file structure_32.cif (mmCIF, C-alpha atoms)
data_work
#
loop_
_atom_site.group_PDB
_atom_site.id
_atom_site.type_symbol
_atom_site.label_atom_id
_atom_site.label_comp_id
_atom_site.auth_asym_id
_atom_site.auth_seq_id
_atom_site.Cartn_x
_atom_site.Cartn_y
_atom_site.Cartn_z
ATOM 1 C CA MET A 273 31.189 -109.534 -65.690
ATOM 2 C CA LYS A 274 27.563 -109.933 -64.687
ATOM 3 C CA ASN A 275 26.474 -107.995 -61.637
ATOM 4 C CA PRO A 276 25.341 -110.417 -58.892
ATOM 5 C CA LEU A 277 23.221 -107.620 -57.414
ATOM 6 C CA VAL A 278 20.994 -107.805 -60.504
ATOM 7 C CA GLY A 279 20.682 -111.565 -60.040
ATOM 8 C CA GLY A 280 19.837 -111.102 -56.369
ATOM 9 C CA ILE A 281 17.127 -108.565 -57.177
ATOM 10 C CA MET A 282 15.599 -110.895 -59.768
ATOM 11 C CA LEU A 283 15.733 -113.837 -57.354
ATOM 12 C CA PHE A 284 14.019 -111.810 -54.623
ATOM 13 C CA ALA A 285 11.381 -110.772 -57.178
ATOM 14 C CA VAL A 286 10.826 -114.449 -58.049
ATOM 15 C CA VAL A 287 10.229 -115.287 -54.371
ATOM 16 C CA ILE A 288 7.688 -112.465 -54.038
ATOM 17 C CA ILE A 289 5.951 -113.358 -57.319
ATOM 18 C CA TRP A 290 5.798 -117.034 -56.331
ATOM 19 C CA VAL A 291 4.036 -116.338 -53.037
ATOM 20 C CA ALA A 292 1.846 -113.662 -54.655
ATOM 21 C CA SER A 293 0.894 -116.150 -57.356
ATOM 22 C CA SER A 294 -0.183 -118.712 -54.748
ATOM 23 C CA THR A 295 -2.232 -116.035 -52.996
ATOM 24 C CA THR A 296 -3.829 -115.067 -56.309
ATOM 25 C CA ILE A 297 -4.650 -118.678 -57.199
ATOM 26 C CA GLN A 298 -6.290 -119.169 -53.819
ATOM 27 C CA LEU A 299 -8.349 -116.005 -54.382
ATOM 28 C CA ILE A 300 -9.347 -117.154 -57.873
ATOM 29 C CA LEU A 301 -10.416 -120.589 -56.639
ATOM 30 C CA THR A 302 -12.488 -118.998 -53.877
ATOM 31 C CA ASN A 303 -14.566 -117.094 -56.436
ATOM 32 C CA TYR A 304 -14.153 -119.522 -59.331
ATOM 33 C CA PRO A 305 -13.556 -123.095 -58.021
ATOM 34 C CA LYS A 306 -12.429 -124.649 -61.297
ATOM 35 C CA PRO A 307 -8.902 -126.005 -60.647
ATOM 36 C CA TYR A 308 -8.794 -128.133 -63.811
ATOM 37 C CA LEU A 309 -9.747 -125.258 -66.100
ATOM 38 C CA LEU A 310 -7.369 -122.928 -64.261
ATOM 39 C CA THR A 311 -4.494 -125.391 -64.692
ATOM 40 C CA TYR A 312 -5.456 -126.017 -68.315
ATOM 41 C CA ILE A 313 -5.300 -122.309 -69.165
ATOM 42 C CA THR A 314 -2.044 -121.750 -67.290
ATOM 43 C CA THR A 315 -0.166 -124.703 -68.784
ATOM 44 C CA SER A 316 -1.557 -124.084 -72.286
ATOM 45 C CA MET A 317 -0.127 -120.559 -72.218
ATOM 46 C CA PHE A 318 3.337 -122.109 -72.164
ATOM 47 C CA SER A 319 2.818 -122.597 -75.899
ATOM 48 C CA CYS A 320 3.792 -118.904 -76.190
ATOM 49 C CA TYR A 321 7.361 -120.062 -75.619
ATOM 50 C CA LEU A 322 7.303 -121.351 -79.194
ATOM 51 C CA LEU A 323 7.625 -117.734 -80.274
ATOM 52 C CA SER A 324 11.313 -118.302 -79.567
ATOM 53 C CA LEU A 325 11.358 -120.216 -82.871
ATOM 54 C CA LEU A 326 11.395 -116.827 -84.583
ATOM 55 C CA TRP A 327 15.003 -116.302 -83.509
ATOM 56 C CA LYS A 328 16.032 -119.952 -83.087
ATOM 57 C CA ARG A 329 15.017 -120.993 -86.587
ATOM 58 C CA ASP A 330 18.574 -120.918 -87.915
ATOM 59 C CA GLN A 331 19.892 -122.886 -84.926
ATOM 60 C CA ILE A 332 17.348 -125.637 -85.466
ATOM 61 C CA VAL A 333 18.175 -125.843 -89.164
ATOM 62 C CA LYS A 334 21.866 -126.142 -88.294
ATOM 63 C CA LYS A 335 20.994 -128.830 -85.683
ATOM 64 C CA SER A 336 22.758 -126.893 -82.932
ATOM 65 C CA THR A 337 19.567 -127.383 -80.933
ATOM 66 C CA PRO A 338 17.209 -130.394 -81.074
ATOM 67 C CA THR A 339 14.631 -130.316 -83.833
ATOM 68 C CA LEU A 340 11.056 -129.326 -83.041
ATOM 69 C CA TYR A 341 9.857 -132.862 -83.819
ATOM 70 C CA LYS A 342 12.346 -134.446 -81.424
ATOM 71 C CA THR A 343 11.483 -131.908 -78.745
ATOM 72 C CA SER A 344 7.766 -132.627 -79.182
ATOM 73 C CA ILE A 345 8.329 -136.359 -78.711
ATOM 74 C CA SER A 346 10.325 -135.639 -75.555
ATOM 75 C CA ALA A 347 7.549 -133.355 -74.266
ATOM 76 C CA LEU A 348 5.026 -136.172 -74.624
ATOM 77 C CA LYS A 349 6.995 -138.256 -72.116
ATOM 78 C CA PHE A 350 6.379 -136.033 -69.151
ATOM 79 C CA CYS A 351 3.511 -133.779 -70.264
ATOM 80 C CA PRO A 352 0.956 -135.532 -67.962
ATOM 81 C CA LEU A 353 3.362 -135.290 -65.014
ATOM 82 C CA TRP A 354 3.775 -131.551 -65.559
ATOM 83 C CA PHE A 355 0.045 -130.910 -65.885
ATOM 84 C CA PHE A 356 -1.085 -132.944 -62.901
ATOM 85 C CA ALA A 357 1.739 -131.645 -60.693
ATOM 86 C CA ASN A 358 0.314 -128.164 -61.306
ATOM 87 C CA TYR A 359 -3.274 -129.408 -61.011
ATOM 88 C CA PHE A 360 -2.751 -130.988 -57.584
ATOM 89 C CA PHE A 361 -0.853 -127.876 -56.477
ATOM 90 C CA ASN A 362 -3.901 -125.766 -57.375
ATOM 91 C CA VAL A 363 -6.353 -128.199 -55.764
ATOM 92 C CA SER A 364 -4.267 -128.069 -52.603
ATOM 93 C CA LEU A 365 -4.450 -124.269 -52.511
ATOM 94 C CA ASN A 366 -8.238 -124.554 -52.556
ATOM 95 C CA LEU A 367 -8.206 -126.769 -49.441
ATOM 96 C CA THR A 368 -5.300 -125.713 -47.237
ATOM 97 C CA SER A 369 -3.299 -122.618 -46.326
ATOM 98 C CA ILE A 370 -0.719 -120.965 -48.584
ATOM 99 C CA SER A 371 2.019 -121.695 -46.042
ATOM 100 C CA SER A 372 1.196 -125.418 -45.825
ATOM 101 C CA ASN A 373 0.989 -125.637 -49.613
ATOM 102 C CA THR A 374 4.334 -123.859 -50.061
ATOM 103 C CA ILE A 375 6.132 -125.827 -47.361
ATOM 104 C CA LEU A 376 4.882 -129.239 -48.470
ATOM 105 C CA SER A 377 5.440 -128.450 -52.157
ATOM 106 C CA SER A 378 9.097 -127.776 -51.362
ATOM 107 C CA THR A 379 9.484 -131.483 -50.529
ATOM 108 C CA SER A 380 9.707 -132.064 -54.294
ATOM 109 C CA GLY A 381 13.493 -131.833 -53.854
ATOM 110 C CA ILE A 382 13.382 -134.750 -51.428
ATOM 111 C CA PHE A 383 11.285 -136.853 -53.796
ATOM 112 C CA THR A 384 13.595 -135.921 -56.674
ATOM 113 C CA LEU A 385 16.538 -137.211 -54.649
ATOM 114 C CA LEU A 386 14.711 -140.462 -53.866
ATOM 115 C CA PHE A 387 13.635 -140.975 -57.483
ATOM 116 C CA THR A 388 17.142 -140.339 -58.850
ATOM 117 C CA ILE A 389 18.497 -142.944 -56.443
ATOM 118 C CA ILE A 390 15.765 -145.467 -57.289
ATOM 119 C CA PHE A 391 15.326 -144.934 -61.047
ATOM 120 C CA LEU A 392 18.575 -143.326 -62.218
ATOM 121 C CA GLY A 393 20.926 -145.224 -59.929
ATOM 122 C CA SER A 394 22.302 -142.065 -58.314
ATOM 123 C CA HIS A 395 24.847 -142.535 -55.530
ATOM 124 C CA SER A 396 23.380 -142.404 -52.019
ATOM 125 C CA ASN A 397 25.043 -141.740 -48.687
ATOM 126 C CA ALA A 398 24.151 -141.113 -45.057
ATOM 127 C CA TYR A 399 23.988 -137.344 -45.610
ATOM 128 C CA LYS A 400 21.318 -137.702 -48.300
ATOM 129 C CA TRP A 401 19.229 -140.112 -46.230
ATOM 130 C CA LEU A 402 19.511 -137.806 -43.227
ATOM 131 C CA SER A 403 18.074 -134.924 -45.259
ATOM 132 C CA VAL A 404 15.223 -137.202 -46.360
ATOM 133 C CA LEU A 405 14.438 -138.248 -42.782
ATOM 134 C CA ILE A 406 14.543 -134.657 -41.504
ATOM 135 C CA SER A 407 12.184 -133.469 -44.242
ATOM 136 C CA PHE A 408 9.702 -136.289 -43.793
ATOM 137 C CA GLY A 409 9.826 -135.697 -40.047
ATOM 138 C CA GLY A 410 8.789 -132.125 -40.807
ATOM 139 C CA VAL A 411 5.933 -133.374 -43.002
ATOM 140 C CA ILE A 412 4.676 -135.530 -40.137
ATOM 141 C CA CYS A 413 4.838 -132.596 -37.703
ATOM 142 C CA ILE A 414 2.828 -130.400 -40.059
ATOM 143 C CA GLY A 415 0.345 -133.202 -40.678
ATOM 144 C CA LEU A 416 -0.190 -133.666 -36.955
ATOM 145 C CA SER A 417 -0.609 -129.917 -36.527
ATOM 146 C CA GLU A 418 -3.093 -129.728 -39.430
ATOM 147 C CA SER A 419 -5.159 -132.577 -37.960
ATOM 148 C CA ASN A 420 -6.585 -129.997 -35.564
ATOM 149 C CA GLU A 421 -7.726 -127.857 -38.502
ATOM 150 C CA GLY A 422 -10.115 -130.468 -39.930
ATOM 151 C CA ASP A 423 -10.164 -133.086 -42.667
ATOM 152 C CA GLU A 424 -10.201 -130.539 -45.485
ATOM 153 C CA SER A 425 -6.779 -129.147 -44.534
ATOM 154 C CA LEU A 426 -5.334 -132.664 -44.320
ATOM 155 C CA VAL A 427 -6.696 -133.505 -47.776
ATOM 156 C CA GLY A 428 -5.174 -130.285 -49.100
ATOM 157 C CA ASP A 429 -1.828 -131.245 -47.560
ATOM 158 C CA LEU A 430 -2.003 -134.669 -49.219
ATOM 159 C CA PHE A 431 -2.656 -133.045 -52.599
ATOM 160 C CA ALA A 432 0.355 -130.751 -52.047
ATOM 161 C CA ILE A 433 2.570 -133.771 -51.328
ATOM 162 C CA LEU A 434 1.174 -135.636 -54.341
ATOM 163 C CA GLY A 435 1.879 -132.603 -56.510
ATOM 164 C CA ALA A 436 5.434 -132.493 -55.143
ATOM 165 C CA MET A 437 5.899 -136.169 -56.018
ATOM 166 C CA LEU A 438 4.671 -135.622 -59.583
ATOM 167 C CA TYR A 439 6.904 -132.565 -59.961
ATOM 168 C CA ALA A 440 9.837 -134.686 -58.797
ATOM 169 C CA GLY A 441 8.875 -137.330 -61.355
ATOM 170 C CA TYR A 442 8.845 -134.659 -64.056
ATOM 171 C CA SER A 443 12.274 -133.412 -62.920
ATOM 172 C CA VAL A 444 13.767 -136.910 -63.072
ATOM 173 C CA CYS A 445 12.172 -137.483 -66.468
ATOM 174 C CA LEU A 446 13.647 -134.202 -67.674
ATOM 175 C CA LYS A 447 17.104 -135.262 -66.488
ATOM 176 C CA GLY A 448 16.726 -138.496 -68.432
ATOM 177 C CA LEU A 449 16.145 -136.589 -71.675
ATOM 178 C CA GLY A 450 19.727 -135.358 -71.780
ATOM 179 C CA GLU A 451 20.602 -132.109 -73.558
ATOM 180 C CA ILE A 452 17.494 -130.354 -74.832
ATOM 181 C CA ASP A 453 16.197 -126.830 -75.377
ATOM 182 C CA THR A 454 13.953 -126.291 -72.343
ATOM 183 C CA VAL A 455 12.255 -123.201 -73.810
ATOM 184 C CA LEU A 456 11.114 -125.135 -76.871
ATOM 185 C CA LEU A 457 10.287 -128.090 -74.646
ATOM 186 C CA PHE A 458 7.856 -126.116 -72.501
ATOM 187 C CA GLY A 459 6.419 -124.522 -75.614
ATOM 188 C CA CYS A 460 5.645 -128.001 -76.940
ATOM 189 C CA VAL A 461 4.193 -128.982 -73.566
ATOM 190 C CA GLY A 462 1.847 -125.994 -73.796
ATOM 191 C CA VAL A 463 0.619 -126.997 -77.256
ATOM 192 C CA ILE A 464 0.165 -130.652 -76.244
ATOM 193 C CA ASN A 465 -1.778 -129.669 -73.129
ATOM 194 C CA CYS A 466 -3.932 -127.293 -75.155
ATOM 195 C CA PHE A 467 -5.227 -130.093 -77.391
ATOM 196 C CA ALA A 468 -4.751 -133.339 -75.442
ATOM 197 C CA LEU A 469 -6.346 -132.130 -72.196
ATOM 198 C CA LEU A 470 -9.228 -130.187 -73.722
ATOM 199 C CA PRO A 471 -11.554 -133.254 -73.574
ATOM 200 C CA GLY A 472 -11.043 -133.295 -69.791
ATOM 201 C CA ILE A 473 -13.058 -130.071 -69.510
ATOM 202 C CA PHE A 474 -16.041 -131.685 -71.245
ATOM 203 C CA LEU A 475 -15.641 -134.920 -69.266
ATOM 204 C CA LEU A 476 -15.617 -133.121 -65.911
ATOM 205 C CA ASN A 477 -18.536 -130.974 -67.025
ATOM 206 C CA SER A 478 -20.685 -133.939 -68.090
ATOM 207 C CA SER A 479 -19.871 -135.839 -64.888
ATOM 208 C CA GLY A 480 -20.712 -132.830 -62.733
ATOM 209 C CA VAL A 481 -17.300 -132.858 -61.019
ATOM 210 C CA GLU A 482 -16.355 -129.456 -62.432
ATOM 211 C CA VAL A 483 -19.260 -127.832 -64.277
ATOM 212 C CA PHE A 484 -17.998 -125.447 -66.930
ATOM 213 C CA GLU A 485 -18.809 -121.781 -66.394
ATOM 214 C CA ALA A 486 -17.210 -118.841 -68.121
ATOM 215 C CA PRO A 487 -15.271 -116.771 -65.573
ATOM 216 C CA GLU A 488 -16.281 -113.214 -64.862
ATOM 217 C CA ALA A 489 -14.129 -110.431 -66.269
ATOM 218 C CA MET A 490 -12.153 -109.940 -63.034
ATOM 219 C CA ASP A 491 -11.508 -113.665 -62.582
ATOM 220 C CA ALA A 492 -10.484 -114.024 -66.236
ATOM 221 C CA THR A 493 -8.057 -111.122 -65.845
ATOM 222 C CA LEU A 494 -6.535 -112.678 -62.721
ATOM 223 C CA ILE A 495 -6.236 -116.094 -64.404
ATOM 224 C CA LEU A 496 -4.489 -114.739 -67.498
ATOM 225 C CA GLY A 497 -2.351 -112.304 -65.508
ATOM 226 C CA ASN A 498 -1.241 -115.001 -63.090
ATOM 227 C CA ALA A 499 -0.476 -117.406 -65.948
ATOM 228 C CA LEU A 500 1.651 -114.757 -67.649
ATOM 229 C CA ILE A 501 3.457 -113.289 -64.633
ATOM 230 C CA GLY A 502 3.214 -116.045 -62.023
ATOM 231 C CA SER A 503 4.311 -118.810 -64.386
ATOM 232 C CA MET A 504 5.970 -117.679 -67.601
ATOM 233 C CA VAL A 505 7.702 -114.458 -66.490
ATOM 234 C CA CYS A 506 8.593 -115.955 -63.094
ATOM 235 C CA ASP A 507 10.240 -118.989 -64.740
ATOM 236 C CA LEU A 508 12.261 -116.772 -67.080
ATOM 237 C CA MET A 509 13.366 -114.495 -64.226
ATOM 238 C CA PHE A 510 14.501 -117.517 -62.221
ATOM 239 C CA ALA A 511 16.500 -118.780 -65.218
ATOM 240 C CA TRP A 512 18.128 -115.350 -65.569
ATOM 241 C CA SER A 513 18.920 -115.207 -61.844
ATOM 242 C CA VAL A 514 20.694 -118.572 -62.144
ATOM 243 C CA ASP A 515 22.749 -117.092 -64.984
ATOM 244 C CA TYR A 516 23.749 -114.116 -62.805
ATOM 245 C CA LEU A 517 24.321 -116.124 -59.619
ATOM 246 C CA THR A 518 24.671 -119.903 -59.165
ATOM 247 C CA PRO A 519 22.099 -122.750 -59.122
ATOM 248 C CA ALA A 520 22.822 -123.390 -55.432
ATOM 249 C CA VAL A 521 22.319 -119.764 -54.373
ATOM 250 C CA CYS A 522 19.087 -119.544 -56.375
ATOM 251 C CA THR A 523 17.735 -122.811 -55.003
ATOM 252 C CA LEU A 524 18.535 -121.735 -51.469
ATOM 253 C CA GLY A 525 16.980 -118.350 -52.198
ATOM 254 C CA LEU A 526 13.702 -120.070 -53.050
ATOM 255 C CA SER A 527 13.582 -121.340 -49.472
ATOM 256 C CA LEU A 528 12.566 -117.777 -48.547
ATOM 257 C CA THR A 529 9.102 -118.634 -49.896
ATOM 258 C CA ILE A 530 8.509 -120.684 -46.726
ATOM 259 C CA PRO A 531 8.758 -117.873 -44.126
ATOM 260 C CA LEU A 532 7.203 -115.385 -46.565
ATOM 261 C CA SER A 533 4.136 -117.582 -47.137
ATOM 262 C CA MET A 534 3.722 -118.008 -43.369
ATOM 263 C CA LEU A 535 3.955 -114.223 -42.976
ATOM 264 C CA VAL A 536 1.270 -113.730 -45.638
ATOM 265 C CA ASP A 537 -1.067 -116.184 -43.907
ATOM 266 C CA SER A 538 -0.509 -114.644 -40.482
ATOM 267 C CA VAL A 539 -0.959 -111.029 -41.660
ATOM 268 C CA LEU A 540 -3.676 -111.336 -44.312
ATOM 269 C CA LYS A 541 -5.652 -114.254 -42.909
ATOM 270 C CA LYS A 542 -4.767 -114.014 -39.228
ATOM 271 C CA VAL A 543 -3.616 -117.640 -39.227
ATOM 272 C CA SER A 544 -1.857 -118.745 -36.049
ATOM 273 C CA PHE A 545 0.674 -121.557 -36.108
ATOM 274 C CA SER A 546 1.356 -124.084 -33.374
ATOM 275 C CA SER A 547 4.854 -124.824 -32.079
ATOM 276 C CA ARG A 548 4.616 -128.231 -33.803
ATOM 277 C CA TYR A 549 3.929 -126.460 -37.101
ATOM 278 C CA TYR A 550 6.982 -124.204 -36.685
ATOM 279 C CA ILE A 551 9.153 -127.237 -35.892
ATOM 280 C CA GLY A 552 7.854 -129.054 -38.977
ATOM 281 C CA ALA A 553 8.431 -126.012 -41.228
ATOM 282 C CA GLY A 554 11.946 -125.640 -39.818
ATOM 283 C CA MET A 555 12.754 -129.310 -40.437
ATOM 284 C CA ILE A 556 11.562 -129.142 -44.045
ATOM 285 C CA LEU A 557 13.555 -125.929 -44.536
ATOM 286 C CA VAL A 558 16.694 -127.630 -43.194
ATOM 287 C CA GLY A 559 16.094 -130.629 -45.468
ATOM 288 C CA PHE A 560 15.563 -128.276 -48.423
ATOM 289 C CA ILE A 561 18.891 -126.537 -47.759
ATOM 290 C CA MET A 562 20.725 -129.848 -47.289
ATOM 291 C CA ILE A 563 19.427 -131.150 -50.621
ATOM 292 C CA SER A 564 20.529 -127.916 -52.330
ATOM 293 C CA ILE A 565 24.043 -128.362 -50.954
ATOM 294 C CA VAL A 566 24.117 -132.003 -52.077
ATOM 295 C CA GLU A 567 23.052 -131.037 -55.603
ATOM 296 C CA GLU A 568 25.680 -128.289 -55.818
ATOM 297 C CA ASP A 569 28.420 -130.648 -54.642
ATOM 298 C CA ARG A 570 27.310 -133.196 -57.227
ATOM 299 C CA LYS A 571 27.431 -130.609 -60.026
ATOM 300 C CA ASP A 572 30.890 -129.445 -58.921
ATOM 301 C CA LYS A 573 32.168 -133.044 -58.968
ATOM 302 C CA ASP A 574 30.666 -133.592 -62.419
ATOM 303 C CA LEU A 575 32.450 -130.459 -63.657
ATOM 304 C CA ASP A 576 35.732 -131.658 -62.092
ATOM 305 C CA ILE A 577 35.342 -135.045 -63.797
ATOM 306 C CA GLU A 578 34.579 -133.433 -67.151
ATOM 307 C CA GLY A 579 37.518 -131.081 -66.697
ATOM 308 C CA SER A 580 39.920 -133.930 -65.869
ATOM 309 C CA GLU A 581 38.685 -135.910 -68.885
ATOM 310 C CA ASP A 582 39.259 -132.894 -71.125
ATOM 311 C CA ARG A 583 42.773 -132.487 -69.719
ATOM 312 C CA GLU A 584 43.536 -136.173 -70.334
ATOM 313 C CA LEU A 585 42.314 -135.893 -73.932
ATOM 314 C CA LEU A 586 44.472 -132.793 -74.439
ATOM 315 C CA ILE A 587 47.556 -134.534 -73.025
ATOM 316 C CA ALA A 588 46.879 -137.562 -75.235
ATOM 317 C CA GLU A 589 46.643 -135.350 -78.315
ATOM 318 C CA ILE A 590 49.922 -133.631 -77.431
#

call {"tool": "encode", "arguments": {"input": "structure_32.cif", "output": "C-alpha cells"}}
result
Amino acid sequence: MKNPLVGGIMLFAVVIIWVASSTTIQLILTNYPKPYLLTYITTSMFSCYLLSLLWKRDQIVKKSTPTLYKTSISALKFCPLWFFANYFFNVSLNLTSISSNTILSSTSGIFTLLFTIIFLGSHSNAYKWLSVLISFGGVICIGLSESNEGDESLVGDLFAILGAMLYAGYSVCLKGLGEIDTVLLFGCVGVINCFALLPGIFLLNSSGVEVFEAPEAMDATLILGNALIGSMVCDLMFAWSVDYLTPAVCTLGLSLTIPLSMLVDSVLKKVSFSSRYYIGAGMILVGFIMISIVEEDRKDKDLDIEGSEDRELLIAEI
C-alpha cells in the first residue's frame, strides 16, 4: 500500500515549486524581458520526455500504447494552445503581481467546465453554474481592485485570464483525444514547438517586438533550471502525488498556491491587498474547490457506470 504521507509531501513540494517558479520567471523577465524566447525554451525542453521511448519501445511495438506517429498527430491538434497558454502566462507575470497571476490562472478550471459543457456536451446543473458565477465574481473584484494599480496591472490580469482560457481549451482538446500516453504526447509537443515556433523568434526580432539577445550566464541558468524543475520535474511530481493520493485531493491541494503567492508578494515585495482583493481571491478559491468536487463526483459516477456495465457483462456471460 502506498504511503499517503509521501504523496502529501510531494504535493506540498509541487505547490512550493509552482510559486517559486512564478517568482523566478518574474525575476528572469525583469532582467531579460523576452517572454516568447523564454516560453520557447521551456516548452521545447519537454522533448526530453521522449527519452521514455528507451523503456517504452517494446510497449509501442506491441501496440499497448499509441504509436509515436499517432501521438505526434494528436500533439499537433493542441500544440499552439499549449504554447500560447504558457506564453500569455509568462507575459502576465511581466505585467502584474505573482498573486494576481496565480489567482486568475486558477480560473482555467472554470473555463474548462464551460468548454466541456459547450463543446463536449457535458451535463450542466445549478451547482456548476453557481461555481462559475462565484469565480467570475471574484475575477471582477480583483479587476476592480487592480484598476487602482494602473493600466499595466490590468493588462497583465487580462493576459492571465487569456492564458487560463487557452489552457482550458488545451485540457478539453486533451480529453477529446481519448486514451493516449501523456508522457510521449508532451515529448512530441516539445519537438513540434522546437521546430514549428523557431521562426517566431526571427519574426519578432525583425519586427522589433522582441529583439533577440543572448541571455547572460545567470539568466540562462535560471531559464534552464526553471524549465527543468519548475515545469518538467514539477509535472512529474504532481503525477506521482495523484498516484499516491487522489485527483481531488491533489487538485484541492493546488489551491494552496493562492494564499502562498499572496504571502510571497506581501513579504518579498511588500505588496498590500485591499479588502476587495481578498474577497475576490476568496471567491475564486471557493469556485476552484467547488469545481474540484464536481470533477471528483463525475469521475466517481463514471467509475460506477463502468463497474455496473462490467457486472452486467459478467452476468450475461454466466

call {"tool": "atom_distance", "arguments": {"input": "structure_32.cif", "atom1": "CA of Met534 (chain A)", "atom2": "CA of Ala511 (chain A)"}}
result
25.3 Å

call {"tool": "closest_residue", "arguments": {"input": "structure_32.cif", "among": "A:Val444, A:Ala468, A:Phe318, A:Ser369", "to": "Ile389 (chain A)", "atoms": "all atoms listed in the file"}}
result
A:Val444

call {"tool": "closest_residue", "arguments": {"input": "structure_32.cif", "among": "A:Leu277, A:Leu446, A:Ser316, A:Asn303", "to": "Leu496 (chain A)", "atoms": "all atoms listed in the file"}}
result
A:Ser316

call {"tool": "resolve_selection", "arguments": {"input": "structure_32.cif", "expression": "the PyMOL selection byres ((chain A and resi 281) around 12)", "output": "compact mmCIF listing (two decimals) with C-alpha atoms, in the coordinates of the input"}}
result
# COMPACT_ATOMS: atom_id res chain seq x y z
CA ASN A 275 26.47 -108.00 -61.64
CA PRO A 276 25.34 -110.42 -58.89
CA LEU A 277 23.22 -107.62 -57.41
CA VAL A 278 20.99 -107.80 -60.50
CA GLY A 279 20.68 -111.56 -60.04
CA GLY A 280 19.84 -111.10 -56.37
CA MET A 282 15.60 -110.90 -59.77
CA LEU A 283 15.73 -113.84 -57.35
CA PHE A 284 14.02 -111.81 -54.62
CA ALA A 285 11.38 -110.77 -57.18
CA VAL A 286 10.83 -114.45 -58.05
CA VAL A 287 10.23 -115.29 -54.37
CA ILE A 288 7.69 -112.46 -54.04
CA MET A 509 13.37 -114.50 -64.23
CA PHE A 510 14.50 -117.52 -62.22
CA TRP A 512 18.13 -115.35 -65.57
CA SER A 513 18.92 -115.21 -61.84
CA VAL A 514 20.69 -118.57 -62.14
CA TYR A 516 23.75 -114.12 -62.80
CA LEU A 517 24.32 -116.12 -59.62
CA CYS A 522 19.09 -119.54 -56.38
CA GLY A 525 16.98 -118.35 -52.20

call {"tool": "closest_residue", "arguments": {"input": "structure_32.cif", "among": "A:Leu426, A:Ile495, A:Ala436, A:Val404", "to": "Tyr312 (chain A)", "atoms": "all atoms listed in the file"}}
result
A:Ile495

call {"tool": "resolve_selection", "arguments": {"input": "structure_32.cif", "expression": "the PyMOL selection byres ((chain A and resi 352) around 10)", "output": "PyMOL selection string"}}
result
chain A and resi 347-351+353-358+438+442+461+464-465+468-469

call {"tool": "atom_distance", "arguments": {"input": "structure_32.cif", "atom1": "CA of Phe383 (chain A)", "atom2": "CA of Ala440 (chain A)"}}
result
5.6 Å
